[in-house]
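**Q** To be precise about what I am sending: the file is called start_35.tsv and holds TSV, C-alpha atoms and all ligand atoms.
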chain	number	residue	atom	x	y	z
E	30	MET	CA	75.71	96.90	144.44
E	31	THR	CA	75.93	95.87	140.80
E	32	ASP	CA	75.49	98.65	138.25
E	33	LEU	CA	74.16	96.51	135.42
E	34	ILE	CA	73.27	92.92	134.68
E	35	ILE	CA	72.64	91.70	131.15
E	36	THR	CA	70.59	88.56	131.47
E	37	ASN	CA	69.34	85.77	129.18
E	38	GLY	CA	71.55	86.72	126.23
E	39	ARG	CA	73.70	84.39	124.15
E	40	LEU	CA	77.21	85.38	125.21
E	41	LEU	CA	79.45	84.92	122.20
E	42	ASP	CA	83.19	85.46	122.42
E	43	PRO	CA	84.95	82.98	120.12
E	44	SER	CA	88.39	84.13	121.34
E	45	GLN	CA	87.60	82.37	124.62
E	46	ASP	CA	85.36	79.59	123.25
E	47	LEU	CA	82.51	81.29	125.07
E	48	ASP	CA	79.10	80.57	123.55
E	49	GLY	CA	76.03	80.08	125.69
E	50	VAL	CA	73.09	81.71	127.42
E	51	MET	CA	74.58	83.37	130.49
E	52	ASP	CA	74.39	86.48	132.64
E	53	ILE	CA	77.03	89.17	132.77
E	54	ALA	CA	77.40	91.69	135.61
E	55	ILE	CA	79.05	95.10	135.34
E	56	GLU	CA	80.50	97.21	138.13
E	57	ASP	CA	82.45	100.47	137.90
E	58	GLY	CA	82.75	100.16	134.14
E	59	GLU	CA	84.27	96.70	134.25
E	60	ILE	CA	82.97	93.20	133.74
E	61	ALA	CA	82.58	91.85	137.28
E	62	GLU	CA	81.06	88.43	136.79
E	63	ILE	CA	79.96	85.99	134.10
E	64	ALA	CA	77.80	83.06	135.25
E	65	SER	CA	74.82	80.98	134.24
E	66	SER	CA	72.71	82.93	136.73
E	67	ILE	CA	73.56	86.09	138.66
E	68	ASP	CA	71.45	87.42	141.53
E	69	GLN	CA	69.60	90.48	140.24
E	70	SER	CA	68.24	91.75	143.56
E	71	THR	CA	71.03	94.28	144.12
E	72	ALA	CA	71.39	95.36	140.48
E	73	GLU	CA	70.68	98.97	139.66
E	74	ARG	CA	69.66	98.05	136.13
E	75	VAL	CA	68.86	94.80	134.36
E	76	ILE	CA	68.71	94.38	130.59
E	77	ASP	CA	66.86	91.33	129.31
E	78	ALA	CA	68.78	90.17	126.25
E	79	LYS	CA	66.58	87.19	125.46
E	80	GLY	CA	66.99	86.24	121.81
E	81	LEU	CA	69.99	88.54	121.42
E	82	ILE	CA	73.69	87.94	120.94
E	83	VAL	CA	75.97	89.59	123.50
E	84	THR	CA	79.48	90.15	122.17
E	85	PRO	CA	82.53	92.13	123.17
E	86	GLY	CA	82.07	95.74	121.99
E	87	LEU	CA	82.59	95.94	118.23
E	88	ILE	CA	85.81	97.58	117.03
E	89	ASP	CA	86.04	99.30	113.64
E	90	ILE	CA	89.68	99.86	112.64
E	91	HIS	CA	89.01	101.81	109.47
E	92	THR	CA	86.71	104.82	109.79
E	93	HIS	CA	86.74	108.53	108.93
E	94	VAL	CA	85.32	110.43	111.88
E	95	ALA	CA	87.02	113.83	111.68
E	96	ALA	CA	83.83	115.69	110.78
E	97	GLY	CA	83.68	119.21	112.07
E	98	ILE	CA	87.39	120.00	112.15
E	99	ARG	CA	87.95	120.17	108.42
E	100	LYS	CA	85.80	121.90	105.80
E	101	ALA	CA	82.88	124.00	107.01
E	102	SER	CA	80.65	122.68	104.27
E	103	PRO	CA	78.69	119.54	103.46
E	104	GLU	CA	81.55	118.63	101.11
E	105	ASP	CA	83.32	117.34	104.19
E	106	MET	CA	81.92	113.86	103.93
E	107	MET	CA	83.57	112.61	107.10
E	108	GLY	CA	81.34	111.15	109.75
E	109	ASP	CA	81.39	111.69	113.48
E	110	ALA	CA	82.79	109.27	115.99
E	111	ASP	CA	79.63	108.36	117.90
E	112	THR	CA	77.60	107.86	114.71
E	113	ALA	CA	80.22	105.35	113.52
E	114	GLY	CA	80.60	104.25	117.12
E	115	VAL	CA	78.25	103.74	120.04
E	116	TYR	CA	75.07	104.72	118.15
E	117	SER	CA	75.89	101.92	115.68
E	118	GLY	CA	76.83	99.23	118.20
E	119	VAL	CA	80.55	99.99	117.94
E	120	THR	CA	82.55	100.81	121.08
E	121	THR	CA	85.94	101.60	119.52
E	122	VAL	CA	86.71	103.37	116.25
E	123	LEU	CA	90.04	104.06	114.62
E	124	ASP	CA	90.16	107.06	112.31
E	125	ALA	CA	92.36	105.93	109.42
E	126	GLY	CA	94.35	108.99	108.44
E	127	SER	CA	91.76	111.71	107.99
E	128	THR	CA	94.28	114.14	109.42
E	129	GLY	CA	98.05	114.56	109.26
E	130	ALA	CA	100.86	116.16	111.20
E	131	TYR	CA	99.62	119.73	110.62
E	132	ASN	CA	95.96	119.24	111.57
E	133	ILE	CA	95.73	116.17	113.82
E	134	GLY	CA	95.62	118.43	116.89
E	135	GLY	CA	91.98	119.03	116.01
E	136	PHE	CA	91.47	115.32	116.35
E	137	THR	CA	93.41	114.72	119.57
E	138	ASN	CA	92.11	117.84	121.32
E	139	PHE	CA	88.49	117.97	120.20
E	140	ILE	CA	87.21	114.89	118.36
E	141	ALA	CA	88.61	112.11	120.57
E	142	PRO	CA	87.82	113.63	124.00
E	143	GLY	CA	84.35	114.71	122.81
E	144	ALA	CA	83.21	111.20	121.90
E	145	VAL	CA	81.65	108.53	124.11
E	146	THR	CA	83.14	105.98	121.72
E	147	ARG	CA	86.79	105.07	122.35
E	148	THR	CA	88.25	107.09	119.48
E	149	LEU	CA	91.77	106.52	118.21
E	150	ALA	CA	93.58	107.83	115.14
E	151	LEU	CA	96.20	107.09	112.56
E	152	LEU	CA	98.33	110.00	111.42
E	153	ASN	CA	98.26	110.39	107.65
E	154	VAL	CA	101.75	110.50	106.12
E	155	GLY	CA	100.48	113.56	104.18
E	156	THR	CA	100.72	116.59	106.44
E	157	MET	CA	97.10	117.67	105.91
E	158	GLY	CA	95.56	114.19	105.76
E	159	VAL	CA	92.71	113.63	103.35
E	160	ALA	CA	91.41	117.14	104.06
E	161	ARG	CA	93.43	117.72	100.91
E	162	ALA	CA	93.19	114.68	98.66
E	163	PRO	CA	95.44	113.61	97.09
E	164	GLU	CA	97.24	114.10	100.38
E	165	VAL	CA	100.69	113.30	98.97
E	166	ARG	CA	101.65	114.85	95.64
E	167	ASP	CA	105.40	114.95	96.25
E	168	ALA	CA	107.96	115.00	99.08
E	169	ASP	CA	106.83	118.48	100.16
E	170	ASP	CA	103.61	116.98	101.50
E	171	ILE	CA	105.51	114.82	103.99
E	172	ASP	CA	107.11	116.14	107.18
E	173	ILE	CA	108.71	113.23	109.00
E	174	GLU	CA	109.84	115.23	112.03
E	175	ALA	CA	106.43	116.79	112.59
E	176	GLY	CA	104.83	113.37	112.23
E	177	ILE	CA	107.13	111.81	114.82
E	178	ALA	CA	106.47	114.74	117.17
E	179	ALA	CA	102.70	114.25	116.88
E	180	LEU	CA	102.95	110.54	117.65
E	181	ALA	CA	105.27	111.15	120.58
E	182	ALA	CA	102.98	113.85	121.98
E	183	ARG	CA	99.73	111.88	121.92
E	184	PRO	CA	100.34	108.12	121.92
E	185	ASP	CA	97.10	107.80	123.90
E	186	VAL	CA	95.14	108.71	120.75
E	187	ILE	CA	97.52	108.32	117.79
E	188	VAL	CA	98.37	104.65	117.54
E	189	GLY	CA	99.89	104.51	114.08
E	190	VAL	CA	100.47	105.98	110.65
E	191	LYS	CA	98.42	105.68	107.47
E	192	ALA	CA	99.65	105.77	103.90
E	193	ARG	CA	97.56	105.39	100.78
E	194	MET	CA	99.24	103.78	97.80
E	195	VAL	CA	97.49	106.12	95.38
E	196	SER	CA	98.37	108.57	92.60
E	197	PRO	CA	100.11	110.91	92.27
E	198	GLY	CA	102.27	110.15	95.34
E	199	ILE	CA	103.15	106.61	94.25
E	200	LYS	CA	104.30	107.97	90.91
E	201	SER	CA	106.47	110.77	92.25
E	202	LEU	CA	107.83	108.91	95.29
E	203	GLY	CA	107.40	105.21	94.56
E	204	ILE	CA	108.20	102.93	97.48
E	205	GLU	CA	109.64	105.94	99.35
E	206	LEU	CA	106.04	106.95	100.12
E	207	PRO	CA	105.22	104.02	102.45
E	208	LYS	CA	108.82	104.01	103.65
E	209	ALA	CA	108.41	107.58	104.87
E	210	ALA	CA	105.29	106.51	106.75
E	211	LYS	CA	107.19	103.61	108.28
E	212	LYS	CA	109.93	106.02	109.34
E	213	ILE	CA	107.37	108.12	111.21
E	214	ALA	CA	105.81	105.06	112.86
E	215	ARG	CA	109.22	103.78	113.99
E	216	GLY	CA	110.65	107.17	114.86
E	217	ALA	CA	108.37	107.93	117.78
E	218	ASP	CA	109.16	104.64	119.56
E	219	THR	CA	105.60	104.40	120.85
E	220	GLY	CA	104.83	101.00	119.32
E	221	ALA	CA	102.95	102.65	116.45
E	222	PHE	CA	102.02	100.52	113.47
E	223	LEU	CA	101.62	101.32	109.78
E	224	MET	CA	98.36	100.85	107.92
E	225	VAL	CA	98.55	100.96	104.14
E	226	HIS	CA	95.65	101.43	101.80
E	227	VAL	CA	96.25	99.30	98.69
E	228	GLY	CA	94.55	99.96	95.34
E	229	ASP	CA	95.08	103.14	93.32
E	230	ILE	CA	91.56	104.56	93.46
E	231	MET	CA	92.92	108.02	92.57
E	232	GLY	CA	94.65	107.21	89.27
E	233	GLN	CA	94.49	103.52	88.38
E	234	ASP	CA	98.21	103.80	87.59
E	235	PRO	CA	100.04	100.57	86.67
E	236	VAL	CA	102.88	101.64	89.00
E	237	ALA	CA	100.55	100.66	91.87
E	238	ALA	CA	100.68	97.02	90.75
E	239	GLU	CA	104.47	97.16	90.47
E	240	LEU	CA	104.81	98.51	93.99
E	241	ALA	CA	102.42	96.12	95.75
E	242	PRO	CA	104.79	93.11	96.02
E	243	GLN	CA	107.63	95.36	97.18
E	244	LEU	CA	105.37	96.94	99.79
E	245	LEU	CA	104.43	93.52	101.19
E	246	SER	CA	108.01	92.20	101.18
E	247	ASP	CA	110.18	95.18	102.02
E	248	VAL	CA	108.13	97.67	104.02
E	249	LEU	CA	105.51	95.96	106.16
E	250	THR	CA	106.58	94.21	109.34
E	251	GLU	CA	104.85	92.46	112.24
E	252	GLY	CA	101.83	94.37	113.49
E	253	ASP	CA	101.36	96.46	110.33
E	254	VAL	CA	98.03	96.37	108.52
E	255	VAL	CA	96.97	96.16	104.86
E	256	THR	CA	93.50	97.64	104.39
E	257	HIS	CA	91.20	97.01	101.39
E	258	SER	CA	92.40	93.40	101.20
E	259	LEU	CA	89.37	92.39	99.12
E	260	SER	CA	89.68	95.29	96.65
E	261	PHE	CA	89.36	95.00	92.89
E	262	GLN	CA	91.48	98.13	92.30
E	263	ILE	CA	94.85	98.03	90.56
E	264	GLY	CA	97.65	97.74	93.11
E	265	ALA	CA	95.56	95.81	95.63
E	266	LEU	CA	96.21	92.15	96.44
E	267	LEU	CA	94.92	90.70	93.17
E	268	ASN	CA	96.88	90.92	89.95
E	269	GLY	CA	94.95	89.61	86.97
E	270	GLY	CA	92.69	87.76	89.38
E	271	LYS	CA	95.60	86.05	91.13
E	272	LEU	CA	96.42	86.70	94.77
E	273	LEU	CA	99.96	88.06	95.12
E	274	ASP	CA	102.48	85.44	96.29
E	275	GLU	CA	103.94	87.92	98.76
E	276	VAL	CA	100.72	87.91	100.83
E	277	LYS	CA	101.50	84.55	102.42
E	278	ALA	CA	104.97	85.50	103.62
E	279	ALA	CA	103.72	88.84	104.91
E	280	ARG	CA	101.03	87.09	106.89
E	281	GLU	CA	103.56	84.66	108.35
E	282	ARG	CA	105.60	87.67	109.44
E	283	GLY	CA	102.60	88.95	111.40
E	284	VAL	CA	101.18	91.52	108.98
E	285	TYR	CA	97.40	91.86	109.39
E	286	PHE	CA	94.93	91.99	106.51
E	287	ASP	CA	91.84	94.16	106.96
E	288	VAL	CA	88.69	94.41	104.83
E	289	GLY	CA	87.92	98.17	104.76
E	290	VAL	CA	84.75	97.94	102.64
E	291	GLY	CA	84.55	101.63	101.73
E	292	ARG	CA	82.94	103.16	98.70
E	293	ALA	CA	85.26	101.88	95.95
E	294	ASN	CA	87.47	99.25	97.52
E	295	PHE	CA	85.33	96.14	97.58
E	296	SER	CA	83.45	94.02	95.11
E	297	PHE	CA	81.85	90.65	95.65
E	298	GLU	CA	83.80	89.26	92.70
E	299	SER	CA	87.21	90.37	94.01
E	300	ALA	CA	86.27	89.32	97.55
E	301	ARG	CA	85.38	85.86	96.29
E	302	GLN	CA	88.68	85.60	94.39
E	303	VAL	CA	90.79	86.64	97.39
E	304	ILE	CA	88.94	84.38	99.83
E	305	ASP	CA	88.96	81.39	97.46
E	306	GLN	CA	92.74	81.74	97.14
E	307	GLY	CA	93.07	81.35	100.88
E	308	LEU	CA	93.14	84.82	102.37
E	309	ILE	CA	90.42	85.23	104.98
E	310	PRO	CA	91.10	88.72	106.33
E	311	ASP	CA	91.99	89.18	110.00
E	312	THR	CA	89.66	92.10	110.62
E	313	ILE	CA	86.45	93.56	109.23
E	314	SER	CA	86.21	97.32	109.02
E	315	SER	CA	83.83	99.68	107.28
E	316	ASP	CA	85.90	102.65	105.99
E	317	PHE	CA	82.95	104.63	107.34
E	318	THR	CA	82.19	108.06	105.91
E	319	GLN	CA	78.98	110.06	105.93
E	320	ALA	CA	78.41	109.21	102.24
E	321	GLY	CA	79.30	105.57	102.76
E	322	ARG	CA	76.70	105.42	105.52
E	323	HIS	CA	73.82	107.06	103.68
E	324	VAL	CA	74.46	106.50	99.97
E	325	GLY	CA	76.16	103.18	100.60
E	326	PRO	CA	77.48	100.67	100.05
E	327	VAL	CA	79.01	100.71	103.53
E	328	HIS	CA	75.95	101.67	105.62
E	329	SER	CA	77.34	100.32	108.89
E	330	LEU	CA	79.93	98.00	110.39
E	331	VAL	CA	77.21	95.45	111.18
E	332	GLU	CA	76.12	95.47	107.53
E	333	CYS	CA	79.75	94.92	106.47
E	334	MET	CA	79.83	91.98	108.89
E	335	SER	CA	76.60	90.64	107.36
E	336	LYS	CA	78.26	90.84	103.91
E	337	MET	CA	81.07	88.63	105.16
E	338	ILE	CA	78.53	86.12	106.49
E	339	ALA	CA	76.92	86.18	103.03
E	340	LEU	CA	80.35	85.34	101.58
E	341	GLY	CA	80.42	82.18	103.68
E	342	ILE	CA	82.37	83.26	106.75
E	343	SER	CA	80.81	81.95	109.97
E	344	LEU	CA	79.10	84.21	112.49
E	345	GLU	CA	81.73	83.21	115.05
E	346	ASP	CA	84.62	84.20	112.76
E	347	VAL	CA	82.90	87.46	111.81
E	348	ILE	CA	82.55	88.35	115.51
E	349	THR	CA	86.24	87.55	116.07
E	350	MET	CA	87.15	89.78	113.10
E	351	ALA	CA	85.31	92.70	114.69
E	352	THR	CA	86.24	92.22	118.35
E	353	SER	CA	89.28	90.32	119.64
E	354	ARG	CA	91.38	90.55	116.45
E	355	PRO	CA	91.09	94.32	115.99
E	356	ALA	CA	91.75	94.75	119.74
E	357	GLU	CA	95.00	92.85	119.16
E	358	VAL	CA	95.87	95.04	116.16
E	359	LEU	CA	95.35	98.16	118.30
E	360	GLY	CA	97.34	96.70	121.20
E	361	ILE	CA	94.41	97.12	123.58
E	362	ASP	CA	93.53	93.43	123.89
E	363	ASP	CA	94.30	93.45	127.59
E	364	GLU	CA	91.46	95.95	128.15
E	365	VAL	CA	88.78	95.30	125.50
E	366	GLY	CA	87.75	92.76	122.86
E	367	LYS	CA	86.82	90.00	125.30
E	368	LEU	CA	83.94	89.15	127.59
E	369	ALA	CA	86.11	88.48	130.60
E	370	VAL	CA	86.15	89.52	134.25
E	371	GLY	CA	88.29	92.62	134.76
E	372	TYR	CA	87.95	93.78	131.16
E	373	ASP	CA	86.35	97.13	130.33
E	374	ALA	CA	82.58	96.73	130.05
E	375	ASP	CA	82.52	97.48	126.31
E	376	ILE	CA	79.71	95.23	125.11
E	377	THR	CA	77.43	95.07	122.08
E	378	LEU	CA	73.96	93.54	121.93
E	379	LEU	CA	73.08	92.28	118.46
E	380	GLU	CA	70.11	90.63	116.84
E	381	ALA	CA	70.76	88.11	114.07
E	382	VAL	CA	67.78	88.60	111.75
E	383	SER	CA	66.86	85.96	109.16
E	384	GLY	CA	65.51	86.98	105.77
E	385	ASP	CA	66.19	87.28	102.04
E	386	PHE	CA	68.70	90.10	101.97
E	387	ILE	CA	70.49	91.69	99.04
E	388	PHE	CA	73.92	93.30	99.37
E	389	ARG	CA	75.34	95.49	96.62
E	390	ASP	CA	78.82	96.64	95.69
E	391	THR	CA	79.77	99.71	93.65
E	392	VAL	CA	80.54	97.89	90.40
E	393	GLY	CA	77.11	96.41	89.80
E	394	GLY	CA	77.68	93.23	91.75
E	395	MET	CA	75.22	91.89	94.26
E	396	HIS	CA	75.13	89.05	96.70
E	397	LYS	CA	72.28	87.41	98.54
E	398	GLY	CA	72.38	86.58	102.20
E	399	SER	CA	70.04	85.08	104.75
E	400	THR	CA	71.45	86.65	107.92
E	401	ALA	CA	71.70	90.32	108.84
E	402	LEU	CA	73.06	91.70	112.09
E	403	ARG	CA	71.23	94.58	113.74
E	404	PRO	CA	72.65	96.51	116.69
E	405	VAL	CA	70.26	96.67	119.64
E	406	SER	CA	72.29	98.29	122.40
E	407	THR	CA	75.83	99.40	123.18
E	408	VAL	CA	77.51	99.39	126.56
E	409	ARG	CA	80.60	101.60	126.76
E	410	VAL	CA	82.62	101.23	129.98
E	411	GLY	CA	79.39	100.30	131.71
E	412	GLN	CA	77.31	103.13	130.27
E	413	VAL	CA	74.30	101.93	128.27
E	414	MET	CA	74.02	103.88	125.03
E	415	PRO	CA	71.05	104.00	122.67
E	416	ILE	CA	71.29	102.88	119.05
E	417	ASP	CA	70.16	105.43	116.47
E	418	PHE	CA	67.52	104.86	113.81
E	419	GLY	CA	69.98	103.40	111.33
E	420	PRO	CA	71.43	104.36	107.94
E	421	ARG	CA	68.48	103.31	105.77
E	422	PRO	CA	65.07	104.94	105.45
E	423	TRP	CA	63.72	101.79	107.16
E	424	GLY	CA	66.48	101.42	109.75
E	425	TRP	CA	69.36	98.97	110.06
E	426	LEU	CA	68.54	95.96	107.93
E	427	PRO	CA	69.91	95.56	104.41
E	428	GLU	CA	67.69	95.67	101.35
E	429	GLN	CA	65.17	92.82	101.30
E	430	ALA	CA	64.58	90.71	98.19
F	1	ZN	ZN	89.62	105.10	104.36
Would you mind writing the file's structure down as structure tokens?
**A**
Amino acid sequence: MTDLIITNGRLLDPSQDLDGVMDIAIEDGEIAEIASSIDQSTAERVIDAKGLIVTPGLIDIHTHVAAGIRKASPEDMMGDADTAGVYSGVTTVLDAGSTGAYNIGGFTNFIAPGAVTRTLALLNVGTMGVARAPEVRDADDIDIEAGIAALAARPDVIVGVKARMVSPGIKSLGIELPKAAKKIARGADTGAFLMVHVGDIMGQDPVAAELAPQLLSDVLTEGDVVTHSLSFQIGALLNGGKLLDEVKAARERGVYFDVGVGRANFSFESARQVIDQGLIPDTISSDFTQAGRHVGPVHSLVECMSKMIALGISLEDVITMATSRPAEVLGIDDEVGKLAVGYDADITLLEAVSGDFIFRDTVGGMHKGSTALRPVSTVRVGQVMPIDFGPRPWGWLPEQA
């Protein structure tokens, strides 16, 4: 007895050079068979994916999904895991430091187990996370021992540490700020990585630009992640429009570069400059928040992916950047991120819609595109989940020209 067969879809998994109309069978939450035609007579459920793209479940490695365990008011602009996740076509989300050593128990004990979406977290180097932003004002806001203890206690959920290179922490602590985060990541011996947010959105302090090369050369090692790689903010990867020289060596060392669109960390102009100087990011993420979803410019991971297509990155590469590559970053690429027999049945059904679309950034820039991805269905360990109405008054698609 097969639980589910997805038939007639275009199976697209560039990590395995898989691209073609094929059937995929799911049993006990795992992918059981992939073939040009699978017998449907014993299947409990069949989904006809004609005209759709079937990809490994999308993975968003920069989200904020700690809603409900922080402020009891609408000011808490975090989102919730399944809104960023399965209801948006995303099967795995990583919360990027919404909570820290003193409040991450709310995340590990309530948020992660309560979600259908595979929900992982980074521990913010600031003890209270961005529940109190700025989360690091001085050394008193960092507790290395408590951070290590949290990582050691819940490596099933907490896979790394997050540090934001923002004021006033970068001014009071300098390079010691990310170094403290690195100390926590290393200290637990759980294989945790460090994700750093570059770009001083909190203070636009010139010290951010001084620290960026040092961060890339002296702090980040193989498996660590730079988020907001396409940012226009001071202290990100551009200095006077020029991509930092240290990026290349960091990449060769195995440091990953993530997009993290967010509300103030991306412009089409800076994205163009970074990409034209040779840095195509490894992963696409949204930096999802409730405000980013509804007010924009984030809206959804699929819209962020459509923006990258508008910037000239191929559909195949965009899928890789939201499936197999982020799975590798998270160290779960032996379970998810591929359409392969024995892998978890985390699968996304997408429609590639053609049209005259307009994408906007937060600094007045806009970019036209002719392809927009729309999530149609999510399968999470074999369970078929509905997609919600979408972030826009009209649903999922971007603004039309
Ligand atoms: Zn963020």
**Q** So the first atom is CA of Ala430 in chain E and the second is CA of Phe386 in chain E; what is the distance between them in Å, to one decimal place?
**A**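 Separation between CA of Ala430 in chain E and CA of Phe386 in chain E: 5.6 Å.
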**Q** Measure the distance from CA of Gln233 in chain E to CA of Val195 in chain E in Å and round it to one decimal.
**A** 8.0 Å
**Q** What does the structure give for the distance between CA of Gly289 in chain E and CA of Ile313 in chain E, in Å to one decimal?
**A**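 Computing it gives 6.6 Å between the two atoms.
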**Q** Counting only C-alpha atoms and all ligand atoms, give me one row per residue of chain E with an atom at most 7 Å from an atom of ligand ZN 1 (chain F), showing the shortest contact pair and its distance in Å to one decimal, sorted by chain then residue number, as CSV.
**A**
residue,atom,partner,partner_atom,distance
E:His91,CA,F:ZN1,ZN,6.1
E:Thr92,CA,F:ZN1,ZN,6.2
E:His93,CA,F:ZN1,ZN,6.4
E:Ala125,CA,F:ZN1,ZN,5.8
E:Gly291,CA,F:ZN1,ZN,6.7
E:Asp316,CA,F:ZN1,ZN,4.7
**Q** Looking at all atoms listed in the file, which of E:Arg147, E:Lys200, E:Arg389, E:Arg166 is the one that sits closest to Asp185 in chain E?
**A**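 For Asp185 in chain E, the nearest of the candidates is E:Arg147.
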**Q** Give me range 400-413 of chain E with N, CA and C atoms filled in, as a PDB file, keeping the file's coordinate frame.
**A**
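Result saved to result_28.pdb:
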ATOM      1  N   THR E 400      71.282  86.151 106.545  1.00  0.00           N
ATOM      2  CA  THR E 400      71.450  86.650 107.920  1.00  0.00           C
ATOM      3  C   THR E 400      71.883  88.109 107.881  1.00  0.00           C
ATOM      4  N   ALA E 401      71.253  88.926 108.699  1.00  0.00           N
ATOM      5  CA  ALA E 401      71.700  90.320 108.840  1.00  0.00           C
ATOM      6  C   ALA E 401      71.803  90.639 110.326  1.00  0.00           C
ATOM      7  N   LEU E 402      72.885  91.298 110.693  1.00  0.00           N
ATOM      8  CA  LEU E 402      73.060  91.700 112.090  1.00  0.00           C
ATOM      9  C   LEU E 402      72.499  93.102 112.289  1.00  0.00           C
ATOM     10  N   ARG E 403      71.816  93.279 113.397  1.00  0.00           N
ATOM     11  CA  ARG E 403      71.230  94.580 113.740  1.00  0.00           C
ATOM     12  C   ARG E 403      71.685  94.936 115.148  1.00  0.00           C
ATOM     13  N   PRO E 404      72.247  96.145 115.332  1.00  0.00           N
ATOM     14  CA  PRO E 404      72.650  96.510 116.690  1.00  0.00           C
ATOM     15  C   PRO E 404      71.420  96.869 117.530  1.00  0.00           C
ATOM     16  N   VAL E 405      71.415  96.422 118.768  1.00  0.00           N
ATOM     17  CA  VAL E 405      70.260  96.670 119.640  1.00  0.00           C
ATOM     18  C   VAL E 405      70.640  97.600 120.792  1.00  0.00           C
ATOM     19  N   SER E 406      71.862  97.443 121.298  1.00  0.00           N
ATOM     20  CA  SER E 406      72.290  98.290 122.400  1.00  0.00           C
ATOM     21  C   SER E 406      73.814  98.252 122.495  1.00  0.00           C
ATOM     22  N   THR E 407      74.382  99.343 122.982  1.00  0.00           N
ATOM     23  CA  THR E 407      75.830  99.400 123.180  1.00  0.00           C
ATOM     24  C   THR E 407      76.100  99.722 124.639  1.00  0.00           C
ATOM     25  N   VAL E 408      77.064  99.034 125.212  1.00  0.00           N
ATOM     26  CA  VAL E 408      77.510  99.390 126.560  1.00  0.00           C
ATOM     27  C   VAL E 408      78.966  99.837 126.424  1.00  0.00           C
ATOM     28  N   ARG E 409      79.244 101.055 126.884  1.00  0.00           N
ATOM     29  CA  ARG E 409      80.600 101.600 126.760  1.00  0.00           C
ATOM     30  C   ARG E 409      81.097 101.928 128.162  1.00  0.00           C
ATOM     31  N   VAL E 410      82.152 101.224 128.582  1.00  0.00           N
ATOM     32  CA  VAL E 410      82.620 101.230 129.980  1.00  0.00           C
ATOM     33  C   VAL E 410      81.454 101.322 130.975  1.00  0.00           C
ATOM     34  N   GLY E 411      80.507 100.433 130.780  1.00  0.00           N
ATOM     35  CA  GLY E 411      79.390 100.300 131.710  1.00  0.00           C
ATOM     36  C   GLY E 411      78.211 101.200 131.441  1.00  0.00           C
ATOM     37  N   GLN E 412      78.395 102.186 130.563  1.00  0.00           N
ATOM     38  CA  GLN E 412      77.310 103.130 130.270  1.00  0.00           C
ATOM     39  C   GLN E 412      76.463 102.585 129.106  1.00  0.00           C
ATOM     40  N   VAL E 413      75.177 102.446 129.325  1.00  0.00           N
ATOM     41  CA  VAL E 413      74.300 101.930 128.270  1.00  0.00           C
ATOM     42  C   VAL E 413      73.952 103.061 127.312  1.00  0.00           C
TER      43      VAL E 413
END
